[in-house]
>>> print(open('structure_3.csv').read())   # CSV, C-alpha atoms
chain,number,residue,atom,x,y,z
A,24,MET,CA,213.3,-87.9,153.0
A,25,SER,CA,212.3,-89.0,149.6
A,26,GLY,CA,209.3,-91.2,150.1
A,27,PHE,CA,205.6,-90.4,149.5
A,28,PHE,CA,203.4,-88.8,152.1
A,29,PHE,CA,200.1,-90.3,153.2
A,30,GLU,CA,198.2,-88.1,150.7
A,31,GLU,CA,199.9,-89.8,147.8
A,32,PHE,CA,198.8,-93.3,148.7
A,33,ARG,CA,195.3,-93.1,147.2
A,34,VAL,CA,193.1,-96.2,147.4
A,35,GLY,CA,193.5,-98.2,144.2
A,36,ARG,CA,197.0,-96.9,143.5
A,37,LYS,CA,199.3,-99.8,142.5
A,38,PHE,CA,203.1,-100.2,142.8
A,39,THR,CA,205.6,-102.6,141.2
A,40,THR,CA,208.9,-103.7,142.6
A,41,GLU,CA,212.1,-105.1,141.2
A,42,PRO,CA,212.1,-108.9,140.7
A,43,VAL,CA,214.2,-110.9,143.0
A,44,VAL,CA,215.5,-114.5,143.3
A,45,LEU,CA,216.2,-116.5,146.4
A,46,SER,CA,219.2,-118.9,146.2
A,47,GLU,CA,219.3,-122.3,147.8
A,48,SER,CA,221.9,-121.0,150.3
A,49,GLU,CA,219.7,-118.0,151.2
A,50,ILE,CA,216.7,-120.3,151.8
A,51,ILE,CA,218.7,-122.6,154.0
A,52,ALA,CA,220.4,-119.8,156.0
A,53,PHE,CA,217.1,-118.2,156.8
A,54,ALA,CA,215.4,-121.5,157.7
A,55,ARG,CA,218.2,-122.7,160.0
A,56,LYS,CA,217.6,-119.6,162.1
A,57,TYR,CA,213.9,-119.0,161.9
A,58,ASP,CA,212.1,-122.1,160.5
A,59,PRO,CA,214.2,-125.2,160.9
A,60,GLN,CA,212.2,-127.8,159.1
A,61,PRO,CA,213.8,-130.2,156.6
A,62,ILE,CA,211.7,-128.9,153.7
A,63,HIS,CA,213.5,-125.6,154.2
A,64,THR,CA,217.0,-126.7,155.4
A,65,ASP,CA,217.8,-130.0,153.7
A,66,PRO,CA,217.6,-130.4,149.9
A,67,VAL,CA,217.9,-134.2,150.1
A,68,ALA,CA,215.1,-134.6,152.7
A,69,ALA,CA,213.0,-132.0,150.9
A,70,GLY,CA,213.4,-134.0,147.7
A,71,LYS,CA,211.6,-136.8,149.4
A,72,SER,CA,208.9,-134.6,150.9
A,73,ILE,CA,205.5,-133.8,149.4
A,74,TYR,CA,207.1,-130.7,147.9
A,75,GLY,CA,209.7,-132.7,145.9
A,76,GLY,CA,212.5,-130.2,146.7
A,77,LEU,CA,213.7,-127.4,148.8
A,78,ILE,CA,211.2,-124.6,149.4
A,79,ALA,CA,211.5,-121.2,151.2
A,80,SER,CA,210.0,-120.6,154.6
A,81,GLY,CA,206.8,-118.7,154.2
A,82,PHE,CA,208.1,-116.2,156.7
A,83,GLN,CA,211.1,-115.6,154.4
A,84,THR,CA,208.8,-115.0,151.3
A,85,ILE,CA,206.8,-112.3,153.0
A,86,ALA,CA,210.0,-110.7,154.3
A,87,VAL,CA,211.4,-110.7,150.8
A,88,ALA,CA,208.2,-109.1,149.4
A,89,ALA,CA,208.3,-106.4,152.1
A,90,GLY,CA,212.0,-105.8,151.4
A,91,GLN,CA,211.4,-105.3,147.7
A,92,TRP,CA,208.8,-102.7,148.5
A,93,LEU,CA,211.0,-100.8,150.9
A,94,ARG,CA,213.9,-100.8,148.4
A,95,THR,CA,211.7,-98.8,146.0
A,96,GLY,CA,212.3,-95.9,148.5
A,97,GLN,CA,208.6,-94.9,148.3
A,98,GLN,CA,208.1,-94.8,152.0
A,99,GLU,CA,211.7,-93.8,152.8
A,100,GLY,CA,211.6,-91.3,155.7
A,101,THR,CA,207.8,-91.2,155.7
A,102,GLY,CA,207.0,-94.7,157.0
A,103,LEU,CA,206.5,-94.9,160.8
A,104,GLY,CA,206.3,-98.6,161.2
A,105,GLY,CA,203.2,-100.7,161.4
A,106,PRO,CA,200.8,-102.4,163.8
A,107,GLY,CA,200.4,-105.6,161.9
A,108,LEU,CA,199.7,-107.9,159.0
A,109,ARG,CA,196.5,-109.5,157.9
A,110,ASP,CA,195.5,-112.5,155.8
A,111,ILE,CA,198.8,-114.1,154.9
A,112,ARG,CA,198.0,-116.8,152.3
A,113,TRP,CA,200.8,-119.0,151.1
A,114,LEU,CA,199.4,-120.4,147.8
A,115,ALA,CA,202.3,-122.1,146.2
A,116,PRO,CA,205.8,-123.1,147.1
A,117,VAL,CA,208.8,-120.7,146.5
A,118,ARG,CA,211.7,-122.6,145.1
A,119,PRO,CA,215.4,-121.5,144.7
A,120,GLY,CA,216.4,-119.7,141.6
A,121,VAL,CA,212.9,-118.7,140.6
A,122,GLU,CA,212.2,-115.0,139.8
A,123,LEU,CA,209.7,-113.5,142.2
A,124,HIS,CA,207.6,-110.4,141.3
A,125,THR,CA,205.9,-108.4,144.0
A,126,THR,CA,203.2,-105.9,143.4
A,127,LEU,CA,201.2,-103.8,145.9
A,128,GLU,CA,197.9,-102.0,145.9
A,129,VAL,CA,196.6,-99.5,148.4
A,130,THR,CA,193.3,-101.0,149.7
A,131,ASP,CA,192.6,-98.6,152.6
A,132,ALA,CA,193.8,-95.1,153.6
A,133,ARG,CA,192.6,-93.2,156.6
A,134,VAL,CA,193.9,-90.4,158.8
A,135,SER,CA,194.8,-91.5,162.4
A,136,ARG,CA,192.2,-90.2,164.9
A,137,SER,CA,194.6,-90.2,167.8
A,138,LYS,CA,197.7,-88.8,165.9
A,139,PRO,CA,196.6,-86.4,163.2
A,140,ASP,CA,200.2,-86.1,161.8
A,141,ARG,CA,199.9,-89.5,160.2
A,142,GLY,CA,197.7,-91.8,158.2
A,143,ILE,CA,197.1,-95.6,158.3
A,144,LEU,CA,197.4,-97.5,155.1
A,145,HIS,CA,196.5,-101.1,154.1
A,146,LEU,CA,198.9,-102.3,151.4
A,147,ALA,CA,197.8,-105.5,149.7
A,148,TYR,CA,200.8,-107.5,148.5
A,149,THR,CA,200.8,-110.1,145.7
A,150,MET,CA,204.0,-112.1,145.0
A,151,ARG,CA,204.1,-114.2,141.8
A,152,ASN,CA,206.5,-116.6,140.2
A,153,ASP,CA,206.5,-117.0,136.4
A,154,SER,CA,203.2,-118.7,136.3
A,155,GLU,CA,201.2,-118.4,139.6
A,156,THR,CA,200.7,-116.4,142.7
A,157,VAL,CA,202.8,-117.7,145.6
A,158,VAL,CA,201.7,-115.5,148.5
A,159,THR,CA,199.2,-112.7,149.2
A,160,PHE,CA,199.0,-110.6,152.4
A,161,THR,CA,198.1,-107.1,153.7
A,162,VAL,CA,200.5,-104.9,155.6
A,163,ILE,CA,199.1,-102.1,157.8
A,164,ILE,CA,201.5,-99.2,158.0
A,165,MET,CA,201.5,-95.7,159.4
A,166,VAL,CA,202.8,-93.0,157.1
A,167,LYS,CA,203.4,-89.3,157.8
A,168,ARG,CA,200.9,-86.8,156.4
A,169,ARG,CA,202.2,-83.9,154.3
A,170,PRO,CA,203.3,-81.2,156.7
B,9,MET,CA,211.9,-134.2,169.9
B,10,THR,CA,208.6,-136.1,169.8
B,11,THR,CA,206.4,-135.7,166.7
B,12,ARG,CA,202.8,-134.9,167.5
B,13,TYR,CA,200.1,-135.8,165.1
B,14,LEU,CA,196.8,-133.9,164.7
B,15,GLU,CA,195.0,-135.8,167.4
B,16,ASP,CA,197.9,-135.2,169.9
B,17,PHE,CA,196.9,-131.5,170.2
B,18,THR,CA,194.1,-130.4,172.5
B,19,VAL,CA,192.2,-127.1,172.1
B,20,GLY,CA,193.2,-124.8,174.9
B,21,GLU,CA,196.6,-126.4,175.7
B,22,VAL,CA,199.4,-123.9,176.0
B,23,MET,CA,203.0,-124.8,175.1
B,24,ALA,CA,206.0,-122.8,176.4
B,25,THR,CA,209.2,-122.5,174.4
B,26,ALA,CA,212.8,-121.5,175.3
B,27,PRO,CA,213.4,-117.8,175.6
B,28,VAL,CA,215.6,-116.2,173.0
B,29,THR,CA,217.3,-112.8,172.5
B,30,LEU,CA,218.2,-110.9,169.4
B,31,SER,CA,221.5,-109.0,169.4
B,32,ALA,CA,221.8,-105.6,167.7
B,33,ASP,CA,223.9,-107.3,165.0
B,34,GLU,CA,221.2,-109.9,164.4
B,35,ILE,CA,218.5,-107.2,164.1
B,36,ILE,CA,220.6,-105.2,161.7
B,37,GLU,CA,221.6,-108.2,159.6
B,38,PHE,CA,217.9,-109.3,159.1
B,39,ALA,CA,216.8,-105.8,158.4
B,40,VAL,CA,219.4,-105.0,155.8
B,41,ALA,CA,218.2,-108.1,153.9
B,42,TYR,CA,214.5,-107.8,154.4
B,43,ASP,CA,213.3,-104.7,156.1
B,44,PRO,CA,215.7,-101.8,155.3
B,45,GLN,CA,214.3,-99.0,157.4
B,46,SER,CA,216.7,-96.9,159.5
B,47,PHE,CA,215.1,-97.7,162.9
B,48,HIS,CA,216.0,-101.4,162.1
B,49,THR,CA,219.4,-100.9,160.4
B,50,ASP,CA,221.2,-97.9,162.0
B,51,VAL,CA,221.8,-97.5,165.7
B,52,GLU,CA,222.4,-93.8,165.4
B,53,ALA,CA,219.5,-92.9,163.1
B,54,ALA,CA,217.2,-95.1,165.3
B,55,LYS,CA,217.9,-92.8,168.2
B,56,SER,CA,216.2,-89.9,166.5
B,57,SER,CA,213.3,-92.1,165.3
B,58,PRO,CA,209.9,-92.3,167.1
B,59,TYR,CA,211.2,-95.5,168.7
B,60,GLY,CA,214.2,-93.8,170.4
B,61,GLY,CA,216.6,-96.6,169.5
B,62,LEU,CA,217.1,-99.7,167.4
B,63,ILE,CA,214.2,-102.1,167.2
B,64,ALA,CA,213.8,-105.4,165.5
B,65,SER,CA,211.8,-105.8,162.3
B,66,GLY,CA,208.3,-107.1,163.1
B,67,LEU,CA,208.9,-109.7,160.4
B,68,GLN,CA,211.9,-110.9,162.3
B,69,THR,CA,210.0,-111.0,165.6
B,70,ILE,CA,207.3,-113.3,164.2
B,71,ALA,CA,209.9,-115.5,162.5
B,72,VAL,CA,211.7,-115.9,165.8
B,73,GLY,CA,208.5,-116.9,167.5
B,74,PHE,CA,207.6,-119.4,164.9
B,75,GLY,CA,211.1,-120.8,165.0
B,76,GLN,CA,210.9,-121.3,168.7
B,77,PHE,CA,207.7,-123.3,168.2
B,78,ILE,CA,209.2,-125.4,165.4
B,79,ARG,CA,212.2,-126.2,167.7
B,80,LEU,CA,209.9,-128.0,170.1
B,81,GLY,CA,210.0,-130.7,167.4
B,82,TYR,CA,206.3,-131.5,167.3
B,83,PHE,CA,206.1,-131.0,163.5
B,84,VAL,CA,209.0,-133.1,162.4
B,85,GLU,CA,207.0,-136.0,160.9
B,86,SER,CA,203.6,-134.5,160.9
B,87,SER,CA,203.6,-131.2,159.2
B,88,LEU,CA,202.2,-130.9,155.7
B,89,GLY,CA,202.9,-127.2,155.4
B,90,GLY,CA,201.1,-124.0,156.5
B,91,PRO,CA,198.6,-122.3,154.2
B,92,ALA,CA,198.0,-119.2,156.3
B,93,THR,CA,198.8,-116.8,159.1
B,94,ASP,CA,196.4,-114.3,160.4
B,95,ASP,CA,196.0,-111.4,162.7
B,96,VAL,CA,199.7,-110.5,163.1
B,97,ASN,CA,199.7,-107.7,165.7
B,98,TRP,CA,202.9,-105.9,166.8
B,99,LEU,CA,202.1,-104.5,170.2
B,100,ALA,CA,205.4,-103.1,171.4
B,101,PRO,CA,208.9,-102.6,170.1
B,102,VAL,CA,211.5,-105.4,170.5
B,103,ARG,CA,214.9,-104.1,171.3
B,104,PRO,CA,218.4,-105.7,171.3
B,105,ASP,CA,218.9,-108.3,174.0
B,106,ASP,CA,215.3,-108.3,175.2
B,107,ALA,CA,214.4,-111.8,176.4
B,108,LEU,CA,211.6,-112.9,174.1
B,109,HIS,CA,209.2,-115.5,175.7
B,110,THR,CA,207.0,-117.3,173.2
B,111,THR,CA,204.0,-119.4,174.1
B,112,VAL,CA,201.7,-121.3,171.8
B,113,GLU,CA,198.0,-122.0,172.4
B,114,VAL,CA,196.0,-124.5,170.4
B,115,LEU,CA,192.8,-122.8,169.0
B,116,GLU,CA,191.4,-125.5,166.7
B,117,VAL,CA,191.9,-129.1,165.8
B,118,ARG,CA,189.9,-130.1,162.8
B,119,PRO,CA,190.1,-133.4,160.8
B,120,SER,CA,189.8,-132.9,157.1
B,121,LYS,CA,186.5,-134.1,155.6
B,122,SER,CA,187.9,-134.7,152.2
B,123,LYS,CA,191.4,-136.1,153.2
B,124,PRO,CA,191.1,-138.6,156.1
B,125,ASP,CA,194.9,-138.8,156.6
B,126,ARG,CA,195.2,-135.1,157.7
B,127,GLY,CA,193.5,-132.1,159.3
B,128,ILE,CA,194.0,-128.5,160.2
B,129,LEU,CA,195.6,-127.2,163.4
B,130,ARG,CA,195.2,-123.5,164.3
B,131,PHE,CA,197.4,-122.1,167.0
B,132,LYS,CA,198.1,-118.6,168.4
B,133,ILE,CA,201.6,-117.6,169.1
B,134,ASP,CA,202.1,-114.9,171.8
B,135,MET,CA,205.4,-113.2,172.4
B,136,ALA,CA,206.3,-111.2,175.5
B,137,VAL,CA,209.2,-109.3,177.0
B,138,ASP,CA,209.1,-109.0,180.8
B,139,ALA,CA,205.5,-110.3,180.7
B,140,ALA,CA,204.4,-107.4,178.5
B,141,PRO,CA,203.1,-108.6,175.1
B,142,VAL,CA,205.1,-107.6,172.0
B,143,ALA,CA,203.5,-109.6,169.2
B,144,SER,CA,200.8,-112.2,168.6
B,145,PHE,CA,199.7,-114.1,165.5
B,146,VAL,CA,197.6,-117.0,164.5
B,147,CYS,CA,199.0,-119.8,162.3
B,148,THR,CA,197.2,-122.5,160.4
B,149,SER,CA,199.0,-125.7,159.5
B,150,PHE,CA,198.1,-129.0,157.8
B,151,LEU,CA,199.0,-131.9,160.0
B,152,ARG,CA,199.0,-135.6,159.4
B,153,ARG,CA,196.7,-137.7,161.6
B,154,ARG,CA,198.2,-140.5,163.5
B,155,PRO,CA,199.0,-143.4,161.1
B,156,ALA,CA,196.4,-146.2,161.4
B,157,SER,CA,199.0,-148.8,162.1
B,158,TRP,CA,200.5,-146.9,165.0
B,159,ASP,CA,200.3,-148.9,168.2
B,160,GLY,CA,202.4,-147.0,170.7
B,161,PRO,CA,202.3,-146.1,174.1
>>> encode(input="structure_3.csv", output="structure tokens")
Amino acid sequence: MSGFFFEEFRVGRKFTTEPVVLSESEIIAFARKYDPQPIHTDPVAAGKSIYGGLIASGFQTIAVAAGQWLRTGQQEGTGLGGPGLRDIRWLAPVRPGVELHTTLEVTDARVSRSKPDRGILHLAYTMRNDSETVVTFTVIIMVKRRP
Amino acid sequence: MTTRYLEDFTVGEVMATAPVTLSADEIIEFAVAYDPQSFHTDVEAAKSSPYGGLIASGLQTIAVGFGQFIRLGYFVESSLGGPATDDVNWLAPVRPDDALHTTVEVLEVRPSKSKPDRGILRFKIDMAVDAAPVASFVCTSFLRRRPASWDGP
């Protein structure tokens, strides 16, 4: 267990993650399974769409953002899963080969009333490309309190 | 696969989709890429987690539900993308080989005031295993309105 306990996630604390790039083949593989629309699966058809080229499924972009946070290890062993997501806003398309930067901010932190060994956090995610925000959303997670 | 334009959806209508299962391998493959937590990636470690066994990433669960809706084919010609999803609630764990049943209810059909060729569709996706809810979420999509020249059925 190397992650932070609940007490270390103070409201206002910010975290950065490693940048990541989605390749065309990763976008297509995800979309064939989970979001089979031509804008996500077919570069030629996508080129003729309103997006002018292949774009990632929005469900993939939020999953990538969550994955980058988890790979920081900062909730390794302390995260207990989460009850939900709030306010997902896809603001700009995510295209292959573009570097994506995900940051997080703790926006709420409270001790669970029913299970006093854990706290409930709201982590507000922002993912940007080199010039604009592509998606924002809030993850609600449960994290162990310091024993 | 019949495209449905904005006015082809009615508030309150409920659409069923084909049931689908996730294998342990599919759960692990997704989680290694996108949600690397041991209760999603490691069968043995998951046994000693609060969940008592491997469970699917919630992100995978909602992607499966959305995919089953897309496979109905209604959005093929009409979708102009989705700006938002709200109120994602994970209500119970999804385990390998659970049969996931996804239904979709139309919440709102609203023509755009500024762009007469399109409007907003809001729909709630509910997912259940053995009739017990496991996830729900509300999607917002921009949809084309039926082309003016259209004269079918």
>>> residues_near_point(input="structure_3.csv", point="(199.1, -115.8, 162.1)", cutoff="7 Å", atoms="all atoms listed in the file", output="PyMOL selection string")
chain B and resi 92-96+132+145-147
>>> interface_residues(input="structure_3.csv", of="chain B", to="chain A", cutoff="8 Å", atoms="only C-alpha atoms", output="list in words")
Ala41, Tyr42, Asp43, Pro44, Gln45, Pro58, Leu67, Ala71, Val72, Phe74, Gly75, Gln76, Ile78, Arg79, Val84, Leu88, Gly90, Pro91, Ala92, Thr93, Asp94, Asp95, Val96, Asn97, Trp98 and Leu99 of chain B
>>> residues_near_point(input="structure_3.csv", point="(205.0, -115.2, 140.4)", cutoff="9 Å", atoms="all atoms listed in the file", output="list in words")
Val121, Glu122, Leu123, His124, Thr125, Thr149, Met150, Arg151, Asn152, Asp153, Ser154, Glu155, Thr156, Val157 and Val158 of chain A
>>> closest_residue(input="structure_3.csv", among="B:Val137, B:Ala24, B:Leu151, B:Ala39", to="Lys123 of chain B", atoms="all atoms listed in the file")
B:Leu151
>>> atom_distance(input="structure_3.csv", atom1="atom CA of Pro27 of chain B", atom2="atom CA of Thr110 of chain B")
6.9 Å
>>> residues_around(input="structure_3.csv", residues="Ser31 of chain B", least_positions_apart="4", cutoff="10 Å", atoms="only C-alpha atoms", output="list in words")
Ile35, Ile36, Glu37, Ala64, Arg103, Pro104, Asp105 and Asp106 of chain B
>>> closest_residue(input="structure_3.csv", among="B:Thr148, B:Thr10, B:Thr69, B:Thr49", to="Arg130 of chain B", atoms="all atoms listed in the file")
B:Thr148
>>> residues_around(input="structure_3.csv", residues="Glu47 of chain A", least_positions_apart="5", cutoff="8 Å", atoms="all atoms listed in the file", output="JSON, numbers by chain")
{"A": [77, 119, 120]}
>>> build_atoms(input="structure_3.csv", residues="segment 112-126 of chain B", atoms="N, CA and C atoms", output="PDB file, in the frame of the given file")
ATOM      1  N   VAL B 112     202.521-120.829 172.921  1.00  0.00           N
ATOM      2  CA  VAL B 112     201.700-121.300 171.800  1.00  0.00           C
ATOM      3  C   VAL B 112     200.436-121.919 172.361  1.00  0.00           C
ATOM      4  N   GLU B 113     199.282-121.402 171.938  1.00  0.00           N
ATOM      5  CA  GLU B 113     198.000-122.000 172.400  1.00  0.00           C
ATOM      6  C   GLU B 113     197.247-122.563 171.244  1.00  0.00           C
ATOM      7  N   VAL B 114     196.751-123.768 171.446  1.00  0.00           N
ATOM      8  CA  VAL B 114     196.000-124.500 170.400  1.00  0.00           C
ATOM      9  C   VAL B 114     194.569-123.878 170.371  1.00  0.00           C
ATOM     10  N   LEU B 115     194.155-123.403 169.182  1.00  0.00           N
ATOM     11  CA  LEU B 115     192.800-122.800 169.000  1.00  0.00           C
ATOM     12  C   LEU B 115     191.829-123.780 168.406  1.00  0.00           C
ATOM     13  N   GLU B 116     192.318-124.625 167.489  1.00  0.00           N
ATOM     14  CA  GLU B 116     191.400-125.500 166.700  1.00  0.00           C
ATOM     15  C   GLU B 116     192.099-126.725 166.244  1.00  0.00           C
ATOM     16  N   VAL B 117     191.433-127.861 166.352  1.00  0.00           N
ATOM     17  CA  VAL B 117     191.900-129.100 165.800  1.00  0.00           C
ATOM     18  C   VAL B 117     190.811-129.735 165.008  1.00  0.00           C
ATOM     19  N   ARG B 118     190.997-129.759 163.679  1.00  0.00           N
ATOM     20  CA  ARG B 118     189.900-130.100 162.800  1.00  0.00           C
ATOM     21  C   ARG B 118     190.269-131.159 161.773  1.00  0.00           C
ATOM     22  N   PRO B 119     189.832-132.394 161.901  1.00  0.00           N
ATOM     23  CA  PRO B 119     190.100-133.400 160.800  1.00  0.00           C
ATOM     24  C   PRO B 119     189.539-132.943 159.512  1.00  0.00           C
ATOM     25  N   SER B 120     190.261-133.226 158.442  1.00  0.00           N
ATOM     26  CA  SER B 120     189.800-132.900 157.100  1.00  0.00           C
ATOM     27  C   SER B 120     188.615-133.815 156.733  1.00  0.00           C
ATOM     28  N   LYS B 121     187.606-133.246 156.076  1.00  0.00           N
ATOM     29  CA  LYS B 121     186.500-134.100 155.600  1.00  0.00           C
ATOM     30  C   LYS B 121     186.863-134.818 154.329  1.00  0.00           C
ATOM     31  N   SER B 122     187.659-134.137 153.484  1.00  0.00           N
ATOM     32  CA  SER B 122     187.900-134.700 152.200  1.00  0.00           C
ATOM     33  C   SER B 122     189.190-135.619 152.192  1.00  0.00           C
ATOM     34  N   LYS B 123     190.134-135.372 153.120  1.00  0.00           N
ATOM     35  CA  LYS B 123     191.400-136.100 153.200  1.00  0.00           C
ATOM     36  C   LYS B 123     191.557-136.742 154.548  1.00  0.00           C
ATOM     37  N   PRO B 124     191.171-138.011 154.722  1.00  0.00           N
ATOM     38  CA  PRO B 124     191.100-138.600 156.100  1.00  0.00           C
ATOM     39  C   PRO B 124     192.480-138.794 156.732  1.00  0.00           C
ATOM     40  N   ASP B 125     193.556-138.590 155.982  1.00  0.00           N
ATOM     41  CA  ASP B 125     194.900-138.800 156.600  1.00  0.00           C
ATOM     42  C   ASP B 125     195.404-137.499 157.246  1.00  0.00           C
ATOM     43  N   ARG B 126     194.637-136.414 157.229  1.00  0.00           N
ATOM     44  CA  ARG B 126     195.200-135.100 157.700  1.00  0.00           C
ATOM     45  C   ARG B 126     194.068-134.257 158.300  1.00  0.00           C
TER      46      ARG B 126
END
